[in-house]
Structures are given as structure tokens and as C-alpha cells.
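Text of start-v7.tsv, listed as TSV, C-alpha atoms:
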chain	number	residue	atom	x	y	z
A	1	MET	CA	-7.28	-15.62	-21.04
A	2	ARG	CA	-9.50	-15.12	-18.00
A	3	ILE	CA	-8.47	-12.94	-15.08
A	4	THR	CA	-9.46	-13.25	-11.43
A	5	LEU	CA	-8.59	-10.87	-8.63
A	6	ILE	CA	-8.60	-12.42	-5.16
A	7	GLU	CA	-8.79	-9.97	-2.29
A	8	SER	CA	-8.72	-10.57	1.43
A	9	GLY	CA	-11.68	-9.18	3.38
A	10	LYS	CA	-14.50	-6.89	2.37
A	11	THR	CA	-13.80	-3.51	0.83
A	12	ARG	CA	-14.75	-1.20	3.66
A	13	ASP	CA	-14.68	2.35	2.32
A	14	PRO	CA	-17.54	3.30	-0.03
A	15	PHE	CA	-15.26	5.36	-2.30
A	16	ILE	CA	-12.97	2.34	-2.81
A	17	ARG	CA	-15.93	0.01	-3.48
A	18	GLU	CA	-17.30	2.49	-6.03
A	19	GLY	CA	-13.93	2.87	-7.74
A	20	VAL	CA	-13.37	-0.88	-7.94
A	21	GLU	CA	-16.85	-1.40	-9.36
A	22	GLN	CA	-16.43	1.40	-11.91
A	23	PHE	CA	-13.24	-0.14	-13.27
A	24	ARG	CA	-14.61	-3.72	-13.04
A	25	LYS	CA	-17.45	-2.69	-15.36
A	26	ARG	CA	-14.90	-1.27	-17.80
A	27	VAL	CA	-12.46	-4.20	-17.65
A	28	VAL	CA	-15.10	-6.81	-18.52
A	29	HIS	CA	-15.47	-5.18	-21.93
A	30	TYR	CA	-11.92	-6.31	-22.72
A	31	VAL	CA	-11.38	-9.59	-20.88
A	32	PRO	CA	-13.38	-12.13	-18.84
A	33	PHE	CA	-12.81	-10.87	-15.31
A	34	ARG	CA	-14.11	-11.56	-11.82
A	35	ILE	CA	-13.31	-10.65	-8.24
A	36	GLU	CA	-13.31	-13.17	-5.40
A	37	THR	CA	-13.33	-11.93	-1.83
A	38	ILE	CA	-11.97	-14.09	0.95
A	39	PRO	CA	-14.12	-13.55	4.04
A	40	ASP	CA	-12.67	-11.59	6.94
A	41	LEU	CA	-11.08	-13.87	9.50
A	42	LYS	CA	-12.88	-14.09	12.84
A	43	ASN	CA	-11.34	-13.74	16.30
A	44	THR	CA	-7.88	-12.68	15.13
A	45	ARG	CA	-7.03	-10.57	18.20
A	46	ASN	CA	-5.26	-13.46	19.89
A	47	LEU	CA	-3.46	-14.67	16.75
A	48	THR	CA	0.08	-13.86	15.73
A	49	MET	CA	0.84	-12.25	12.38
A	50	LYS	CA	2.05	-15.63	11.03
A	51	GLU	CA	-1.13	-17.37	12.18
A	52	VAL	CA	-3.24	-14.77	10.38
A	53	GLN	CA	-1.09	-15.12	7.25
A	54	ASN	CA	-1.42	-18.92	7.37
A	55	GLN	CA	-5.20	-18.82	7.76
A	56	GLU	CA	-5.51	-16.37	4.85
A	57	ALA	CA	-3.14	-18.57	2.82
A	58	ALA	CA	-5.33	-21.64	3.31
A	59	LEU	CA	-8.40	-19.72	2.14
A	60	THR	CA	-6.52	-18.25	-0.83
A	61	LEU	CA	-4.79	-21.41	-2.02
A	62	LYS	CA	-7.98	-23.47	-2.05
A	63	ARG	CA	-9.32	-21.05	-4.70
A	64	ILE	CA	-6.31	-21.50	-6.98
A	65	LYS	CA	-5.98	-24.38	-9.42
A	66	SER	CA	-2.64	-25.97	-10.21
A	67	THR	CA	-2.89	-24.65	-13.78
A	68	ASP	CA	-3.57	-21.03	-12.73
A	69	TYR	CA	-0.83	-18.45	-13.24
A	70	LEU	CA	-0.58	-16.74	-9.87
A	71	VAL	CA	0.67	-13.15	-9.52
A	72	LEU	CA	0.97	-11.63	-6.06
A	73	LEU	CA	0.58	-7.89	-5.66
A	74	ASP	CA	3.58	-7.40	-3.41
A	75	GLU	CA	5.84	-4.48	-2.52
A	76	ARG	CA	8.87	-6.66	-3.37
A	77	GLY	CA	7.53	-7.51	-6.82
A	78	GLN	CA	8.61	-6.37	-10.25
A	79	GLU	CA	7.69	-2.80	-11.10
A	80	HIS	CA	6.24	-1.82	-14.47
A	81	THR	CA	5.24	1.29	-16.28
A	82	SER	CA	1.65	1.23	-17.48
A	83	ILE	CA	2.87	0.38	-20.98
A	84	SER	CA	5.18	-2.42	-19.83
A	85	PHE	CA	2.36	-3.82	-17.66
A	86	ALA	CA	0.15	-3.90	-20.76
A	87	GLU	CA	2.94	-5.67	-22.65
A	88	TYR	CA	3.30	-8.14	-19.76
A	89	LEU	CA	-0.42	-8.98	-19.92
A	90	ASN	CA	-0.18	-9.31	-23.68
A	91	SER	CA	2.77	-11.71	-23.35
A	92	LEU	CA	0.66	-14.01	-21.15
A	93	GLU	CA	-2.20	-14.10	-23.66
A	94	GLY	CA	-2.30	-17.49	-25.36
A	95	GLN	CA	0.15	-18.90	-22.79
A	96	VAL	CA	-2.06	-18.67	-19.71
A	97	LYS	CA	-5.66	-19.80	-19.47
A	98	GLN	CA	-6.42	-18.37	-16.03
A	99	LEU	CA	-4.44	-15.42	-14.64
A	100	VAL	CA	-4.98	-14.85	-10.91
A	101	PHE	CA	-3.87	-11.71	-9.10
A	102	VAL	CA	-3.94	-11.74	-5.31
A	103	ILE	CA	-4.04	-8.81	-2.92
A	104	GLY	CA	-3.03	-10.05	0.51
A	105	GLY	CA	-4.39	-8.96	3.83
A	106	PRO	CA	-2.84	-6.33	6.09
A	107	TYR	CA	0.03	-8.66	7.05
A	108	GLY	CA	0.87	-9.74	3.52
A	109	PHE	CA	1.46	-13.31	2.35
A	110	SER	CA	2.64	-16.48	4.03
A	111	GLU	CA	5.73	-18.30	2.78
A	112	GLU	CA	3.46	-21.00	1.33
A	113	VAL	CA	1.72	-18.44	-0.91
A	114	TYR	CA	5.08	-17.00	-2.00
A	115	ARG	CA	6.25	-20.50	-2.97
A	116	ARG	CA	3.11	-21.09	-5.08
A	117	ALA	CA	3.33	-17.76	-6.91
A	118	ASN	CA	4.50	-17.57	-10.51
A	119	ALA	CA	5.32	-13.86	-10.23
A	120	LYS	CA	5.15	-10.84	-7.95
A	121	LEU	CA	4.04	-7.41	-9.10
A	122	SER	CA	4.65	-4.13	-7.29
A	123	LEU	CA	2.36	-1.21	-8.05
A	124	SER	CA	4.76	1.34	-6.58
A	125	LYS	CA	7.74	1.86	-4.33
A	126	LEU	CA	5.24	3.54	-2.04
A	127	THR	CA	3.26	1.40	0.40
A	128	PHE	CA	-0.54	1.43	0.08
A	129	SER	CA	-3.15	-0.15	2.33
A	130	HIS	CA	-4.45	-3.48	1.08
A	131	GLN	CA	-7.82	-1.73	0.68
A	132	LEU	CA	-6.51	1.09	-1.50
A	133	VAL	CA	-4.48	-1.29	-3.66
A	134	ARG	CA	-7.78	-2.67	-4.96
A	135	VAL	CA	-8.80	0.47	-6.81
A	136	ILE	CA	-5.24	1.28	-7.92
A	137	PHE	CA	-4.83	-2.20	-9.40
A	138	MET	CA	-8.22	-2.08	-11.12
A	139	GLU	CA	-7.40	1.27	-12.73
A	140	GLN	CA	-4.06	-0.06	-13.98
A	141	LEU	CA	-5.67	-3.24	-15.33
A	142	TYR	CA	-8.20	-1.13	-17.23
A	143	ARG	CA	-5.45	1.22	-18.44
A	144	ALA	CA	-3.41	-1.76	-19.67
A	145	TYR	CA	-6.27	-3.06	-21.80
A	146	THR	CA	-7.00	0.38	-23.26
A	147	ILE	CA	-3.31	0.59	-24.22
A	148	LEU	CA	-3.45	-2.84	-25.87
A	149	LYS	CA	-6.63	-1.96	-27.79
A	150	GLY	CA	-5.49	1.53	-28.73
A	151	ASP	CA	-8.41	3.16	-26.92
A	152	PRO	CA	-7.96	6.81	-25.89
A	153	TYR	CA	-7.66	6.50	-22.10
A	154	HIS	CA	-3.88	6.45	-21.70
A	155	HIS	CA	-2.21	9.70	-22.81
A	156	ALA	CA	1.52	9.07	-22.87
Whole structure, C-alpha cells version:
Amino acid sequence: MRITLIESGKTRDPFIREGVEQFRKRVVHYVPFRIETIPDLKNTRNLTMKEVQNQEAALTLKRIKSTDYLVLLDERGQEHTSISFAEYLNSLEGQVKQLVFVIGGPYGFSEEVYRRANAKLSLSKLTFSHQLVRVIFMEQLYRAYTILKGDPYHHA
């Protein structure tokens, strides 16, 4: 199984970029993994929230193949413990060729993206910025693979 993370807009804060890169380097030791960044939208000041969502949706959906298994990182998604998230990833192995996680922009996802999704995953009942979610997700993805491989990162 290959994994792609699609994120909307550049990662602005250096500490988030560094954290994402640190965990990306670790994750690729366990699974083929890449990050795709959708460019920041231009001239959004005069657009409504729905218009921004729809423009981001068009850019996101053109990167997703019909055979991809799409998981949205969404506050209304299913919550997991780190161990159950690892088990979830393991259950997709052999069933899914390309697993795609998407972090939406500041306004979330359009209805079209929700309809295309195979699943929704919540990282917490707390709300995080779409920027901060990047490093939190990467750490949990790395943690999940260390759990599956029995490596000594997760101590529970």
C-alpha cells in the first residue's frame, strides 16, 4: 500500500515544516509515502466560504484516482486510539493500493469532497488549525507504523 497526504496551501510556520519533515523521513522507512500540496488560492478576499471550498475541492479531486481510498481528516470523523489507528491501517493493507489522506483548508471540505470520501478520521475532539494538523497527523502515522512493526516508539 502507498500513502499520500494532500494538504491545502503551504506550511507556513517553520516549526511545523520541520516537524512534518522529521516524521516524513521516518515514515518512508515503513511505507511508500508522499505529500502533495495544493497551491494557495489567489484573490480569495471576495469569495464566500463555499466558493473557496469548491475551488479547493476541484484542485483536490483532480489529484485523486477513482481507485484511491480517500480518508478526510475531519472533526466529524471516526476517532481512534493510536493502537486502533495502527490496526485500521493494517486492515487496509492488501485491500487498498493507494491510501490518500486529505487535510482541508481553513474552511474544511465541500460537499463534493465529502461524497467522494471513503472514510473520515478525527484526530481529536479538540479543534486544531489545518496547519497544525499536519504535524499531528504525521506523528500519529509514524507512531502507527512503529506499533505495527513492534518498534520501541510507542510506550503504552
Quiz prompt | Within-12 Å shell of (-8.0, 0.8, -16.5) in input frame, only C-alpha atoms, as a ChimeraX atom specification | solution = /A:19-31,82-83,85-86,135-149,151-154
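In terms of minimum interatomic distance to Ala117 in chain A, A:Leu72 ranks closest within A:Leu72, A:Ser129, A:Tyr88, A:Gly94, counting only C-alpha atoms.
Contact shell of Ile103 in chain A at 8 Å (all atoms listed in the file; same-chain neighbours under 6 positions omitted): Leu5, Ile6, Glu7, Ser8, Leu72, Leu73, Asp74, His130, Val133 and Arg134 of chain A.
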Quiz item: In Å, with one decimal, what is the gap from CA of Val113 in chain A to CA of Phe15 in chain A?
Solution: 29.3 Å
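Our summary of the geometry notes that CA of Val96 in chain A is positioned 13.7 Å from CA of Ile64 in chain A.
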Practice problem: Measure the distance from CA of Asn118 in chain A to CA of Thr37 in chain A in Å and round it to one decimal. | Solution: 20.6 Å
Quiz item: Between A:Val71, A:Val100, A:Met49, A:Ala57, which is the closest to Met1 in chain A once you count all atoms listed in the file?
Solution: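 Nearest candidate to Met1 in chain A out of A:Val71, A:Val100, A:Met49, A:Ala57: A:Val100.
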Practice problem: Can you pull out every residue within 12 Å of Gln95 in chain A, counting only C-alpha atoms, but drop anything in the same chain fewer than 4 positions away, and send it as a VMD selection string? | Solution: chain A and resid 1 to 2 67 to 69 88 to 91 99
Exercise. Find the residue from A:Thr81, A:Gln53, A:Gln131, A:Thr60 that sits nearest to Arg12 in chain A; use all atoms listed in the file when measuring.
Key: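 Using all atoms listed in the file, Arg12 in chain A sits closest to A:Gln131.
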Box for range 38-52 of chain A - axis-aligned, 6 Å on each of the six sides, all listed atoms - centre and size in Å to one decimal, as JSON.
{"center_x": -6.0, "center_y": -14.0, "center_z": 10.4, "size_x": 28.2, "size_y": 18.8, "size_z": 30.9}
Quiz prompt | Nearby residues, (8.9, -10.1, -7.7) file frame, 8 Å, only C-alpha atoms, as a PyMOL selection string | solution = chain A and resi 74+76-78+119-122
Exercise. Kindly indicate which residue among A:Lys125, A:His155, A:Arg17, A:Lys97 lies nearest to Ser66 in chain A, using only C-alpha atoms for the distances.
Key: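 So, comparing all the options, the nearest one is A:Lys97.
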